[in-house]
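Shown next: data.cif, containing mmCIF, C-alpha atoms.
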```
data_data
loop_
_atom_site.label_atom_id
_atom_site.label_comp_id
_atom_site.auth_asym_id
_atom_site.auth_seq_id
_atom_site.Cartn_x
_atom_site.Cartn_y
_atom_site.Cartn_z
CA MET A 1 0.00 0.00 0.00
CA GLU A 2 1.18 3.55 -0.69
CA GLN A 3 2.00 5.57 2.38
CA PRO A 4 -1.14 7.30 3.70
CA LYS A 5 -1.41 11.05 3.14
CA GLY A 6 0.06 13.10 5.97
CA TYR A 7 1.97 10.13 7.36
CA GLU A 8 4.76 9.88 4.79
CA VAL A 9 8.20 9.17 6.22
CA SER A 10 10.35 12.04 4.97
CA GLY A 11 13.17 10.96 2.74
CA LYS A 12 11.58 7.55 2.18
CA GLU A 13 8.54 8.59 0.10
CA HIS A 14 9.32 5.96 -2.54
CA LEU A 15 8.70 3.11 -0.08
CA VAL A 16 5.33 1.38 0.38
CA CYS A 17 3.75 -0.19 3.45
CA LYS A 18 3.62 -3.93 3.87
CA LEU A 19 0.23 -4.90 5.31
CA LYS A 20 -0.15 -7.50 8.00
CA LYS A 21 -3.89 -7.86 7.39
CA SER A 22 -6.61 -6.50 5.14
CA LEU A 23 -8.00 -2.96 5.28
CA TYR A 24 -11.28 -1.45 4.14
CA GLY A 25 -11.27 -0.02 0.66
CA LEU A 26 -8.50 -2.15 -0.75
CA LYS A 27 -8.94 -3.74 -4.11
CA GLN A 28 -8.45 -7.17 -2.54
CA SER A 29 -10.71 -6.72 0.49
CA PRO A 30 -13.90 -8.18 -1.06
CA ARG A 31 -11.97 -11.23 -2.16
CA LEU A 32 -10.32 -11.65 1.23
CA TRP A 33 -13.71 -11.40 2.91
CA TYR A 34 -15.10 -14.07 0.62
CA GLN A 35 -12.09 -16.33 1.18
CA LYS A 36 -12.51 -16.00 4.91
CA PHE A 37 -16.21 -16.75 4.75
CA ASP A 38 -15.64 -19.66 2.39
CA ALA A 39 -13.03 -21.17 4.70
CA PHE A 40 -15.40 -20.82 7.65
CA MET A 41 -18.28 -22.47 5.79
CA LYS A 42 -16.05 -25.40 4.88
CA THR A 43 -15.24 -25.94 8.56
CA GLN A 44 -18.99 -26.11 9.19
CA GLY A 45 -19.32 -29.07 6.85
CA CYS A 46 -21.07 -27.05 4.16
CA THR A 47 -20.39 -27.54 0.50
CA ARG A 48 -20.22 -24.69 -1.96
CA SER A 49 -22.45 -25.10 -4.97
CA ASN A 50 -20.73 -25.46 -8.33
CA GLU A 51 -23.57 -23.59 -9.99
CA ASP A 52 -23.46 -20.50 -7.79
CA PRO A 53 -20.47 -19.76 -5.56
CA CYS A 54 -22.68 -17.85 -3.11
CA LEU A 55 -24.82 -20.87 -2.31
CA TYR A 56 -23.75 -23.24 0.46
CA THR A 57 -25.61 -26.40 1.36
CA LYS A 58 -25.34 -28.90 4.14
CA LYS A 59 -26.95 -32.29 4.46
CA CYS A 60 -28.44 -32.81 7.92
CA SER A 61 -28.65 -36.10 9.77
CA ASP A 62 -32.40 -36.36 9.08
CA GLU A 63 -31.95 -36.23 5.27
CA SER A 64 -33.21 -32.64 5.04
CA SER A 65 -30.75 -29.95 3.99
CA ILE A 66 -29.79 -26.43 4.97
CA ALA A 67 -29.06 -23.80 2.33
CA LEU A 68 -27.20 -20.56 2.96
CA ILE A 69 -27.27 -17.83 0.36
CA LEU A 70 -24.69 -15.07 0.63
CA TYR A 71 -24.85 -11.58 -0.86
CA VAL A 72 -21.65 -9.76 0.17
CA ASP A 73 -22.42 -9.69 3.91
CA ASP A 74 -26.18 -10.30 3.84
CA MET A 75 -27.29 -13.87 4.06
CA LEU A 76 -30.42 -15.97 4.07
CA ILE A 77 -30.44 -19.35 5.76
CA VAL A 78 -33.11 -21.86 4.82
CA GLY A 79 -33.77 -25.26 6.30
CA LYS A 80 -36.20 -27.55 8.03
CA ASN A 81 -33.98 -28.91 10.79
CA LYS A 82 -34.20 -26.32 13.60
CA ASP A 83 -31.30 -27.74 15.67
CA GLU A 84 -28.90 -27.63 12.75
CA LEU A 85 -30.08 -24.12 11.87
CA SER A 86 -29.45 -22.72 15.32
CA LEU A 87 -26.10 -24.49 15.54
CA LEU A 88 -24.98 -22.89 12.27
CA LYS A 89 -26.23 -19.48 13.40
CA LYS A 90 -24.45 -19.83 16.74
CA ASN A 91 -21.17 -20.73 15.08
CA LEU A 92 -21.56 -17.88 12.59
CA SER A 93 -22.14 -15.28 15.32
CA GLN A 94 -19.14 -16.58 17.27
CA THR A 95 -16.84 -16.13 14.30
CA PHE A 96 -18.29 -12.97 12.78
CA ASP A 97 -19.90 -9.88 14.24
CA MET A 98 -23.38 -10.85 13.15
CA LYS A 99 -26.95 -9.84 13.83
CA ASP A 100 -29.71 -12.43 13.66
CA LEU A 101 -32.79 -10.64 12.34
CA GLY A 102 -35.09 -13.61 12.90
CA ASP A 103 -37.55 -14.54 10.15
CA ALA A 104 -36.44 -12.85 6.94
CA LYS A 105 -38.52 -9.71 6.31
CA HIS A 106 -36.36 -7.83 3.86
CA ILE A 107 -33.53 -8.77 1.55
CA LEU A 108 -31.86 -6.37 -0.92
CA GLY A 109 -34.78 -3.94 -0.83
CA MET A 110 -37.40 -6.65 -1.38
CA ARG A 111 -40.02 -7.32 1.23
CA ILE A 112 -40.65 -10.97 2.02
CA THR A 113 -44.15 -11.80 3.24
CA ARG A 114 -45.24 -15.27 4.21
CA ASP A 115 -48.76 -16.60 4.23
CA ARG A 116 -48.45 -19.80 6.19
CA SER A 117 -52.08 -20.83 5.78
CA LYS A 118 -51.78 -20.67 1.99
CA ARG A 119 -48.15 -21.89 2.12
CA CYS A 120 -47.08 -18.97 -0.06
CA ILE A 121 -44.17 -16.53 -0.07
CA TYR A 122 -44.59 -13.07 -1.58
CA LEU A 123 -41.76 -10.85 -2.80
CA SER A 124 -42.59 -7.18 -3.19
CA GLN A 125 -40.75 -3.91 -3.80
CA ALA A 126 -43.59 -1.54 -2.89
CA GLU A 127 -41.37 0.47 -0.51
CA TYR A 128 -38.58 0.76 -3.04
CA ILE A 129 -40.97 1.95 -5.75
CA SER A 130 -42.65 4.62 -3.60
CA LYS A 131 -39.32 5.84 -2.26
CA TYR A 132 -37.89 5.99 -5.73
CA SER A 133 -40.82 7.88 -7.26
CA ARG A 134 -40.69 10.49 -4.46
CA ASP A 135 -36.96 10.75 -4.98
CA LEU A 136 -37.34 11.28 -8.72
CA ILE A 137 -40.01 13.99 -8.31
CA TRP A 138 -37.71 15.77 -5.88
CA ARG A 139 -34.80 15.59 -8.28
CA MET A 140 -36.95 16.88 -11.16
CA GLN A 141 -38.05 19.88 -9.11
CA SER A 142 -34.56 20.71 -7.94
CA ARG A 143 -33.24 20.98 -11.48
CA MET B 1 -33.06 16.79 -22.73
CA THR B 2 -29.69 17.13 -21.02
CA LYS B 3 -31.54 18.29 -17.92
CA VAL B 4 -33.48 15.12 -17.22
CA PRO B 5 -31.94 12.28 -15.19
CA TYR B 6 -32.65 9.77 -17.97
CA GLN B 7 -29.87 7.29 -17.30
CA SER B 8 -30.26 7.22 -13.54
CA ALA B 9 -34.05 6.85 -13.89
CA ILE B 10 -33.47 3.80 -16.09
CA GLY B 11 -31.05 2.44 -13.54
CA SER B 12 -33.67 2.70 -10.82
CA LEU B 13 -36.36 1.09 -13.00
CA MET B 14 -33.93 -1.66 -13.85
CA TYR B 15 -33.46 -2.57 -10.21
CA ALA B 16 -37.21 -3.10 -9.82
CA MET B 17 -37.28 -5.01 -13.11
CA VAL B 18 -34.44 -7.32 -12.11
CA ALA B 19 -35.73 -8.03 -8.61
CA THR B 20 -39.52 -8.45 -8.69
CA ARG B 21 -41.06 -6.92 -11.82
CA PRO B 22 -40.78 -9.07 -14.95
CA ASP B 23 -43.82 -7.26 -16.37
CA ILE B 24 -41.81 -4.11 -17.15
CA ALA B 25 -38.76 -5.94 -18.52
CA PHE B 26 -39.60 -5.36 -22.16
CA ALA B 27 -40.58 -1.71 -21.67
CA VAL B 28 -37.37 -0.97 -19.76
CA GLY B 29 -35.39 -2.74 -22.48
CA VAL B 30 -36.91 -0.50 -25.13
CA VAL B 31 -36.28 2.81 -23.35
CA SER B 32 -32.72 1.68 -22.55
CA ARG B 33 -31.89 1.62 -26.26
CA PHE B 34 -31.89 5.43 -26.30
CA MET B 35 -29.68 5.91 -23.29
CA SER B 36 -26.92 7.88 -25.02
CA ASN B 37 -29.16 10.47 -26.69
CA PRO B 38 -32.72 10.44 -25.40
CA GLY B 39 -35.47 12.59 -26.91
CA LYS B 40 -38.65 14.01 -25.43
CA LYS B 41 -40.71 10.99 -26.48
CA HIS B 42 -38.32 8.59 -24.79
CA TRP B 43 -38.52 10.56 -21.57
CA ASP B 44 -42.32 10.55 -21.81
CA ALA B 45 -42.28 6.80 -22.29
CA LEU B 46 -40.02 6.42 -19.29
CA LYS B 47 -42.37 8.51 -17.16
CA LEU B 48 -45.23 6.31 -18.30
CA ILE B 49 -43.41 3.23 -17.02
CA MET B 50 -42.80 5.08 -13.75
CA ARG B 51 -46.48 5.90 -13.44
CA TYR B 52 -47.46 2.31 -14.21
CA LEU B 53 -45.02 1.10 -11.59
CA SER B 54 -46.27 3.54 -8.93
CA GLY B 55 -49.85 2.56 -9.66
CA THR B 56 -49.14 -1.15 -9.39
CA LYS B 57 -46.45 -1.06 -6.71
CA ASP B 58 -48.26 -3.62 -4.52
CA LYS B 59 -47.99 -6.30 -7.19
CA CYS B 60 -45.57 -8.98 -6.11
CA LEU B 61 -44.13 -12.34 -6.98
CA CYS B 62 -45.85 -15.26 -5.31
CA LEU B 63 -44.14 -18.60 -4.74
CA GLY B 64 -45.62 -21.78 -3.39
CA ARG B 65 -48.70 -22.59 -5.41
CA GLY B 66 -47.58 -25.51 -7.50
CA ASP B 67 -45.21 -28.22 -8.40
CA VAL B 68 -41.45 -28.17 -7.64
CA SER B 69 -40.35 -28.96 -11.18
CA ILE B 70 -39.03 -26.15 -13.35
CA ILE B 71 -41.18 -24.91 -16.19
CA GLY B 72 -39.93 -22.39 -18.73
CA TYR B 73 -41.66 -20.33 -21.40
CA THR B 74 -39.94 -18.73 -24.33
CA ASP B 75 -41.11 -16.19 -26.86
CA SER B 76 -39.76 -13.64 -29.29
CA ASP B 77 -41.05 -10.77 -31.34
CA TYR B 78 -39.95 -10.27 -34.92
CA GLY B 79 -37.78 -7.36 -36.00
CA GLY B 80 -38.96 -5.31 -33.03
CA CYS B 81 -36.04 -2.88 -32.96
CA ALA B 82 -36.78 -0.20 -35.55
CA ASP B 83 -33.12 0.76 -35.98
CA SER B 84 -31.37 -2.59 -36.28
CA ARG B 85 -34.38 -4.78 -37.17
CA LYS B 86 -33.20 -7.29 -34.60
CA SER B 87 -35.75 -9.32 -32.68
CA THR B 88 -36.21 -9.53 -28.93
CA SER B 89 -36.08 -12.86 -27.15
CA GLY B 90 -37.69 -13.45 -23.80
CA TYR B 91 -37.91 -16.30 -21.38
CA ILE B 92 -39.49 -16.82 -18.02
CA PHE B 93 -39.06 -19.70 -15.57
CA GLN B 94 -41.43 -20.84 -12.89
CA ILE B 95 -41.05 -23.12 -9.92
CA MET B 96 -43.87 -23.85 -7.47
CA GLY B 97 -46.13 -21.56 -9.47
CA GLY B 98 -43.83 -18.59 -8.87
CA VAL B 99 -41.63 -16.78 -11.34
CA ILE B 100 -37.94 -17.18 -10.48
CA ALA B 101 -35.98 -16.13 -13.56
CA TRP B 102 -36.70 -13.99 -16.59
CA ARG B 103 -34.98 -12.11 -19.33
CA SER B 104 -35.94 -9.86 -22.19
CA ARG B 105 -33.06 -9.13 -24.51
CA LEU B 106 -32.41 -7.87 -28.01
CA GLN B 107 -30.99 -10.76 -30.02
CA ASP B 108 -27.42 -10.64 -31.25
CA CYS B 109 -28.30 -11.41 -34.84
CA VAL B 110 -30.91 -10.26 -37.32
CA ALA B 111 -33.41 -13.10 -37.68
CA LEU B 112 -34.64 -13.75 -41.21
CA SER B 113 -37.89 -15.41 -40.15
CA THR B 114 -40.13 -15.66 -37.11
CA THR B 115 -39.05 -19.29 -36.89
CA GLU B 116 -35.43 -18.23 -36.59
CA ALA B 117 -36.27 -15.57 -33.98
CA GLU B 118 -38.17 -18.12 -31.88
CA TYR B 119 -35.42 -20.69 -32.35
CA VAL B 120 -32.79 -18.26 -31.10
CA ALA B 121 -34.99 -17.38 -28.11
CA ALA B 122 -35.50 -21.06 -27.29
CA SER B 123 -31.74 -21.67 -27.40
CA GLU B 124 -31.12 -18.83 -24.95
CA ALA B 125 -33.82 -20.21 -22.63
CA CYS B 126 -32.31 -23.68 -22.92
CA LYS B 127 -29.04 -22.49 -21.37
CA GLU B 128 -30.89 -20.96 -18.43
CA ALA B 129 -33.06 -24.07 -18.00
CA ILE B 130 -30.03 -26.32 -17.63
CA TRP B 131 -28.39 -24.04 -15.09
CA LEU B 132 -31.59 -23.59 -13.09
CA SER B 133 -32.26 -27.29 -12.85
CA ARG B 134 -28.71 -27.91 -11.61
CA LEU B 135 -29.01 -25.10 -9.09
CA ALA B 136 -32.33 -26.44 -7.82
CA SER B 137 -30.85 -29.92 -7.43
CA ASP B 138 -27.94 -28.39 -5.51
CA MET B 139 -30.40 -26.72 -3.16
CA GLY B 140 -32.00 -30.07 -2.44
CA ILE B 141 -35.03 -29.66 -4.70
CA PRO B 142 -35.06 -32.83 -6.80
CA GLN B 143 -35.60 -32.12 -10.47
CA HIS B 144 -36.85 -34.02 -13.49
CA VAL B 145 -36.06 -32.84 -16.98
CA PRO B 146 -37.00 -29.13 -17.13
CA LYS B 147 -39.89 -28.41 -19.49
CA LEU B 148 -39.60 -25.57 -21.94
CA PHE B 149 -42.70 -24.26 -23.71
CA CYS B 150 -42.55 -22.45 -27.01
CA ASP B 151 -45.47 -21.10 -29.04
CA SER B 152 -43.87 -21.63 -32.41
CA GLN B 153 -44.59 -25.00 -33.99
CA SER B 154 -41.92 -24.48 -36.64
CA ALA B 155 -39.18 -23.62 -34.13
CA ILE B 156 -40.01 -26.80 -32.19
CA ALA B 157 -39.91 -28.85 -35.37
CA LEU B 158 -36.56 -27.31 -36.29
CA ALA B 159 -35.12 -28.17 -32.88
CA LYS B 160 -36.36 -31.75 -32.89
CA ASN B 161 -35.72 -32.66 -36.48
CA PRO B 162 -32.32 -31.63 -37.85
CA VAL B 163 -33.28 -31.26 -41.50
CA TYR B 164 -31.18 -29.23 -43.88
CA HIS B 165 -33.26 -26.54 -45.42
CA ALA B 166 -32.58 -23.55 -47.64
CA LYS B 167 -34.34 -21.26 -45.18
CA THR B 168 -32.46 -22.41 -42.11
CA LYS B 169 -28.98 -23.19 -43.41
CA HIS B 170 -27.63 -19.81 -42.32
CA ILE B 171 -28.56 -20.16 -38.62
CA GLY B 172 -25.44 -19.82 -36.48
CA VAL B 173 -23.92 -22.92 -34.93
CA ARG B 174 -24.41 -21.65 -31.36
CA TYR B 175 -28.17 -21.59 -31.74
CA HIS B 176 -28.20 -25.30 -32.54
CA PHE B 177 -27.20 -25.92 -28.92
CA ILE B 178 -30.85 -26.68 -28.21
CA ARG B 179 -30.77 -29.65 -30.60
CA GLU B 180 -28.00 -31.30 -28.64
CA CYS B 181 -29.81 -30.67 -25.35
CA LEU B 182 -33.00 -32.20 -26.72
CA ALA B 183 -31.13 -35.19 -28.10
CA ASN B 184 -29.39 -35.74 -24.74
CA GLY B 185 -32.64 -35.37 -22.88
CA CYS B 186 -31.37 -32.42 -20.77
CA ILE B 187 -34.57 -30.49 -21.49
CA SER B 188 -37.90 -31.10 -23.16
CA LEU B 189 -39.51 -28.71 -25.59
CA GLU B 190 -43.26 -28.51 -25.98
CA LYS B 191 -45.89 -26.43 -27.68
CA VAL B 192 -48.07 -23.95 -25.83
CA VAL B 193 -50.77 -21.76 -27.34
CA SER B 194 -49.69 -18.14 -27.66
CA ARG B 195 -52.18 -16.67 -25.24
CA GLU B 196 -51.07 -19.03 -22.47
CA ASN B 197 -47.40 -18.31 -23.02
CA ALA B 198 -46.14 -16.50 -19.90
CA ALA B 199 -43.12 -15.22 -21.84
CA ASN B 200 -45.44 -12.94 -23.84
CA ALA B 201 -44.89 -10.46 -21.03
CA LEU B 202 -41.22 -10.22 -22.01
CA THR B 203 -41.69 -9.47 -25.69
CA LEU B 204 -44.71 -7.18 -25.48
CA PRO B 205 -45.18 -3.90 -23.62
CA TYR B 206 -46.83 -4.38 -20.25
CA HIS B 207 -50.48 -5.25 -20.29
CA LYS B 208 -53.10 -6.27 -17.77
CA MET B 209 -53.29 -9.72 -19.31
CA HIS B 210 -49.92 -10.52 -17.77
CA TRP B 211 -51.17 -9.96 -14.27
CA GLY B 212 -51.76 -13.11 -12.35
CA VAL B 213 -49.41 -14.95 -14.70
CA VAL B 214 -46.07 -13.30 -13.98
CA ILE B 215 -47.01 -11.13 -10.99
CA THR B 216 -49.80 -11.26 -8.46
#
```
As structure tokens - that is how I would like this structure written.
Amino acid sequence: MEQPKGYEVSGKEHLVCKLKKSLYGLKQSPRLWYQKFDAFMKTQGCTRSNEDPCLYTKKCSDESSIALILYVDDMLIVGKNKDELSLLKKNLSQTFDMKDLGDAKHILGMRITRDRSKRCIYLSQAEYISKYSRDLIWRMQSR
Amino acid sequence: MTKVPYQSAIGSLMYAMVATRPDIAFAVGVVSRFMSNPGKKHWDALKLIMRYLSGTKDKCLCLGRGDVSIIGYTDSDYGGCADSRKSTSGYIFQIMGGVIAWRSRLQDCVALSTTEAEYVAASEACKEAIWLSRLASDMGIPQHVPKLFCDSQSAIALAKNPVYHAKTKHIGVRYHFIRECLANGCISLEKVVSRENAANALTLPYHKMHWGVVIT
């Protein structure tokens, strides 16, 4: 890394810093984050899908499976086996600074609604659309 | 026209289109063709999409009403782009009665017949079908051969029966991918009547008739 502004060592401006670990904003940081997460998931007995590198699955003892879907640092965990689910969540929160938001309500600006009596899941972007239209009107007026 | 936020408005529409709104995919695709130099009419069209979206913002995707096997629909228009005379291909995939993947895209080549346009669209859909069925199996959803529905009898015939014909001899090698997949049994291709083809929504401007099929 180049020497940070204001902290250059005088007379040695041509030298660069050797990093001991990753920093925010580096070109490599997303990759390092993914490598770290991938290594962790492998220790949990999960397998990475060949079709989508952000999908991890794990076979449980009762033949059901757990799926974890990763989007940068947001994730959804799906599965039937409650013990295995809470074990995975516990291990995740021990390794990473993680918040468990309970049943998924929102992901990437989409609202997830479940109707358990009809056994249906609804995905909607109503909030995004209203926020965006207000935003656009505001921008039009300010020009 | 330099004063309107045309590009960023398209970007915002595109996010809705990619995430939960297959019904505006074709319309967004059309206005995106004029990104570099938009005119008044293009901006008006874009505002119309905005208004449609605001008026129907509570529409959503619904999953969980049907069978776990993957069903795909493919469709194309013919020479829809006025400038290049290229056709638009569209496909839509459903699992458990819910829409999970869709695309509306201007084709890379100029199709000489509606058969060719539909054939190209079916080939594109075929690639997605194979990937989706593998992904579903990986997620622990057991899959049979994914079914692809096409509303063109001649495109289906062309895919199933490799005859050499003066009118089809020019079709690029890559589009014959679907023949191999059909021969291997990776996918199955069947006929559907046009009005029941869910992929209509991806090759026609939005219309009420698509409600309930692609969004609820």
So how far away is atom CA of B:Thr203 from atom CA of B:Glu118, in Å?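 Separation between atom CA of B:Glu118 and atom CA of B:Thr203: 11.2 Å.
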Could you state which residues are captured by the PyMOL selection byres ((chain A and resi 133-136) around 9) in this file, as a ChimeraX atom specification? /A:128-132,137-141 /B:5,9,50-51,54
Just the selected residues (C-alpha atoms), exported as an mmCIF file, in the coordinates of the input, please.
```cif
data_model
loop_
_atom_site.group_PDB
_atom_site.id
_atom_site.type_symbol
_atom_site.label_atom_id
_atom_site.label_comp_id
_atom_site.auth_asym_id
_atom_site.auth_seq_id
_atom_site.Cartn_x
_atom_site.Cartn_y
_atom_site.Cartn_z
ATOM 1 C CA TYR A 128 -38.580 0.760 -3.040
ATOM 2 C CA ILE A 129 -40.970 1.950 -5.750
ATOM 3 C CA SER A 130 -42.650 4.620 -3.600
ATOM 4 C CA LYS A 131 -39.320 5.840 -2.260
ATOM 5 C CA TYR A 132 -37.890 5.990 -5.730
ATOM 6 C CA ILE A 137 -40.010 13.990 -8.310
ATOM 7 C CA TRP A 138 -37.710 15.770 -5.880
ATOM 8 C CA ARG A 139 -34.800 15.590 -8.280
ATOM 9 C CA MET A 140 -36.950 16.880 -11.160
ATOM 10 C CA GLN A 141 -38.050 19.880 -9.110
ATOM 11 C CA PRO B 5 -31.940 12.280 -15.190
ATOM 12 C CA ALA B 9 -34.050 6.850 -13.890
ATOM 13 C CA MET B 50 -42.800 5.080 -13.750
ATOM 14 C CA ARG B 51 -46.480 5.900 -13.440
ATOM 15 C CA SER B 54 -46.270 3.540 -8.930
#
```
Output of the PyMOL selection byres ((chain A) within 6 of (chain B)), listed as a list in words: Glu51, Cys120, Ile121, Tyr122, Leu123, Ser124 and Ala126 of chain A
Calculated over only C-alpha atoms, which of the candidates B:Thr114, B:Asp75, B:Gly80, B:Ile156 has the smallest distance to B:Ser194?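 Under the stated criterion, the closest residue is B:Asp75.
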Find the spatial neighbours of stretch 172-186 of chain B, counting all atoms listed in the file, within a cut-off of 6 Å - ignore same-chain residues fewer than 2 positions away - and output them as number ranges by chain. B: 120, 123, 159
Could you please give me, as a list in words, the residues of protein, DNA or RNA lying at most 6 Å from (-34.5, -10.3, -38.4) in the coordinate frame of the file, considering only C-alpha atoms? Gly79, Arg85, Lys86, Ser87, Val110, Ala111 and Leu112 of chain B
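The residues returned by the PyMOL selection byres ((chain B and resi 106) around 7) for this structure are B:Lys86, B:Ser87, B:Thr88, B:Ser89, B:Arg105, B:Gln107, B:Asp108.
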Which residues, written as an mmCIF file with C-alpha atoms, in the frame of the given file, have at least one atom at most 10 Å from stretch 57-70 of chain A, with all atoms listed in the file counted and residues fewer than 4 positions away on the same chain left out?
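File written: result_8.cif
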```cif
data_model
loop_
_atom_site.group_PDB
_atom_site.id
_atom_site.type_symbol
_atom_site.label_atom_id
_atom_site.label_comp_id
_atom_site.auth_asym_id
_atom_site.auth_seq_id
_atom_site.Cartn_x
_atom_site.Cartn_y
_atom_site.Cartn_z
ATOM 1 C CA TYR A 34 -15.100 -14.070 0.620
ATOM 2 C CA PHE A 37 -16.210 -16.750 4.750
ATOM 3 C CA MET A 41 -18.280 -22.470 5.790
ATOM 4 C CA LYS A 42 -16.050 -25.400 4.880
ATOM 5 C CA GLN A 44 -18.990 -26.110 9.190
ATOM 6 C CA GLY A 45 -19.320 -29.070 6.850
ATOM 7 C CA CYS A 46 -21.070 -27.050 4.160
ATOM 8 C CA THR A 47 -20.390 -27.540 0.500
ATOM 9 C CA ARG A 48 -20.220 -24.690 -1.960
ATOM 10 C CA SER A 49 -22.450 -25.100 -4.970
ATOM 11 C CA ASP A 52 -23.460 -20.500 -7.790
ATOM 12 C CA PRO A 53 -20.470 -19.760 -5.560
ATOM 13 C CA ASP A 74 -26.180 -10.300 3.840
ATOM 14 C CA MET A 75 -27.290 -13.870 4.060
ATOM 15 C CA LEU A 76 -30.420 -15.970 4.070
ATOM 16 C CA ILE A 77 -30.440 -19.350 5.760
ATOM 17 C CA VAL A 78 -33.110 -21.860 4.820
ATOM 18 C CA GLY A 79 -33.770 -25.260 6.300
ATOM 19 C CA LYS A 80 -36.200 -27.550 8.030
ATOM 20 C CA ASN A 81 -33.980 -28.910 10.790
ATOM 21 C CA LYS A 82 -34.200 -26.320 13.600
ATOM 22 C CA ASP A 83 -31.300 -27.740 15.670
ATOM 23 C CA GLU A 84 -28.900 -27.630 12.750
ATOM 24 C CA LEU A 85 -30.080 -24.120 11.870
ATOM 25 C CA LEU A 88 -24.980 -22.890 12.270
ATOM 26 C CA ASP B 138 -27.940 -28.390 -5.510
ATOM 27 C CA MET B 139 -30.400 -26.720 -3.160
ATOM 28 C CA GLY B 140 -32.000 -30.070 -2.440
ATOM 29 C CA ILE B 141 -35.030 -29.660 -4.700
#
```
Which is closer to B:Val99 than all the others in B:Ile187, B:Ala82, B:Ile10, B:Val68, using only C-alpha atoms? B:Val68
Atoms kept (all heavy atoms) for stretch 54-59 of chain A, as a compact mmCIF listing (two decimals), in the first residue's frame:
```
# COMPACT_ATOMS: atom_id res chain seq x y z
N CYS A 54 -22.14 -18.45 -4.33
CA CYS A 54 -22.68 -17.85 -3.11
C CYS A 54 -23.74 -18.72 -2.46
O CYS A 54 -24.48 -18.26 -1.59
CB CYS A 54 -23.25 -16.48 -3.42
SG CYS A 54 -21.96 -15.33 -3.84
N LEU A 55 -23.86 -19.95 -2.92
CA LEU A 55 -24.82 -20.87 -2.31
C LEU A 55 -24.06 -21.99 -1.61
O LEU A 55 -23.21 -22.65 -2.20
CB LEU A 55 -25.73 -21.46 -3.41
CG LEU A 55 -26.61 -22.64 -3.00
CD1 LEU A 55 -27.69 -22.19 -2.03
CD2 LEU A 55 -27.24 -23.27 -4.22
N TYR A 56 -24.36 -22.16 -0.31
CA TYR A 56 -23.75 -23.24 0.46
C TYR A 56 -24.85 -24.17 0.93
O TYR A 56 -25.92 -23.71 1.34
CB TYR A 56 -23.00 -22.69 1.67
CG TYR A 56 -21.78 -21.90 1.29
CD1 TYR A 56 -21.88 -20.56 0.99
CD2 TYR A 56 -20.55 -22.52 1.22
CE1 TYR A 56 -20.74 -19.84 0.63
CE2 TYR A 56 -19.42 -21.81 0.86
CZ TYR A 56 -19.52 -20.47 0.57
OH TYR A 56 -18.41 -19.77 0.20
N THR A 57 -24.60 -25.46 0.87
CA THR A 57 -25.61 -26.40 1.36
C THR A 57 -24.98 -27.37 2.32
O THR A 57 -23.77 -27.64 2.27
CB THR A 57 -26.25 -27.19 0.20
OG1 THR A 57 -25.21 -27.71 -0.61
CG2 THR A 57 -27.19 -26.34 -0.61
N LYS A 58 -25.82 -27.91 3.18
CA LYS A 58 -25.34 -28.90 4.14
C LYS A 58 -26.42 -29.95 4.31
O LYS A 58 -27.59 -29.62 4.49
CB LYS A 58 -25.07 -28.21 5.48
CG LYS A 58 -24.45 -29.11 6.50
CD LYS A 58 -24.29 -28.39 7.82
CE LYS A 58 -23.62 -29.30 8.83
NZ LYS A 58 -23.52 -28.66 10.13
N LYS A 59 -26.00 -31.20 4.23
CA LYS A 59 -26.95 -32.29 4.46
C LYS A 59 -27.05 -32.53 5.97
O LYS A 59 -26.05 -32.67 6.64
CB LYS A 59 -26.46 -33.57 3.79
CG LYS A 59 -26.94 -33.75 2.37
CD LYS A 59 -28.13 -34.70 2.32
CE LYS A 59 -28.76 -34.80 0.94
NZ LYS A 59 -29.52 -33.60 0.56
```
